[in-house]
Amino acid sequence: MKTWAKIGVGCLVVLLLFCILAIVGGLITGKKLTDLVGGIGGARQMAKDVKALEQLDKTYDFTPPEDGNVSEERLQGYITAATRVKQAMAPYQGWLKEHEAKGHDQKGDWKDVKKALTLSATLVSAMRQGLEDAKMSSREFRWIEGEMKAASHESGGEGPTDAQRQMVESSVKVLEEQMNAPNTTAEAKAQIQGQIDRLQATLAEAGGPVSNNRALYLKYQEELVACDLDEFSGIKVQ
């Protein structure tokens, strides 16, 4: 199981392997399970893809940068890989949620076992292709995933709310009327203009400062939400 956890694909493969164990329960002997796996071509291809993923980890050895900043180029690669996996999993979404809802104490049939293996093979193949295209290791993939999830919970960068904007605009309008009144002195106009400038500056800074990763998350938020793999993952293994 450690090998699967090492691959780190939103841990979907781990979910499916647990699903297989739950479906089989105690009714299938080790020999029968071996015969089943060995007889499915997808399982053999999956083994090859797992080796390819392990080779990618060696080829694109990754150490997180000291500043913890994700580069935009690598984030784009992550999105490409995650999107490929999400698209591969989409046709099975209903089946996965159905088996998550059943829990691990209910047994299924041989058809469920074969479908789980086929799904596992589809997943691993999609991840291998995605990481190869991005020239990325599974470790870097998991790191970027974690950094973006952390950035999604940071504050700042959203900009002022409608209520804040309306309040400042209303205040500025009143001050401008005072400044343009016939009896307003030059000194008073300067003071009022200073108040207007401070209000507008406060509005501009309402979103607060943002980190590099937060800025990237906000820029690619739509794509990151679309390729989020968590909805398929009932079991998380770090």
# chains A, B, ... in the order shown; residues from 1 in each chain; ligands from 1
$ residues_around --residues "region 65-67 of chain A" --least-positions-apart "5" --cutoff "12 Å" --atoms "only C-alpha atoms" --output "list in words"
Glu140, Trp143, Ile144, Glu147, Ser211, Asn212 and Asn213 of chain A
$ residues_around --residues "Lys189 (chain A)" --least-positions-apart "4" --cutoff "8 Å" --atoms "only C-alpha atoms" --output "VMD selection string"
chain A and resid 179 to 180 184 to 185 193
$ closest_residue --among "A:Val210, A:Leu224, A:Leu117, A:Val172" --to "Gly77 (chain A)" --atoms "only C-alpha atoms"
A:Leu224
$ closest_residue --among "A:Met127, A:Leu199, A:Ala134, A:Leu56" --to "Leu75 (chain A)" --atoms "only C-alpha atoms"
A:Ala134
$ closest_residue --among "A:Asp230, A:Glu154, A:Asp61, A:Asp162" --to "Lys135 (chain A)" --atoms "only C-alpha atoms"
A:Asp61
$ select_by_dssp --residues "region 47-98 of chain A" --states "helix (DSSP H, G or I)" --output "MDAnalysis selection string"
chainID A and resid 47:59 72:98
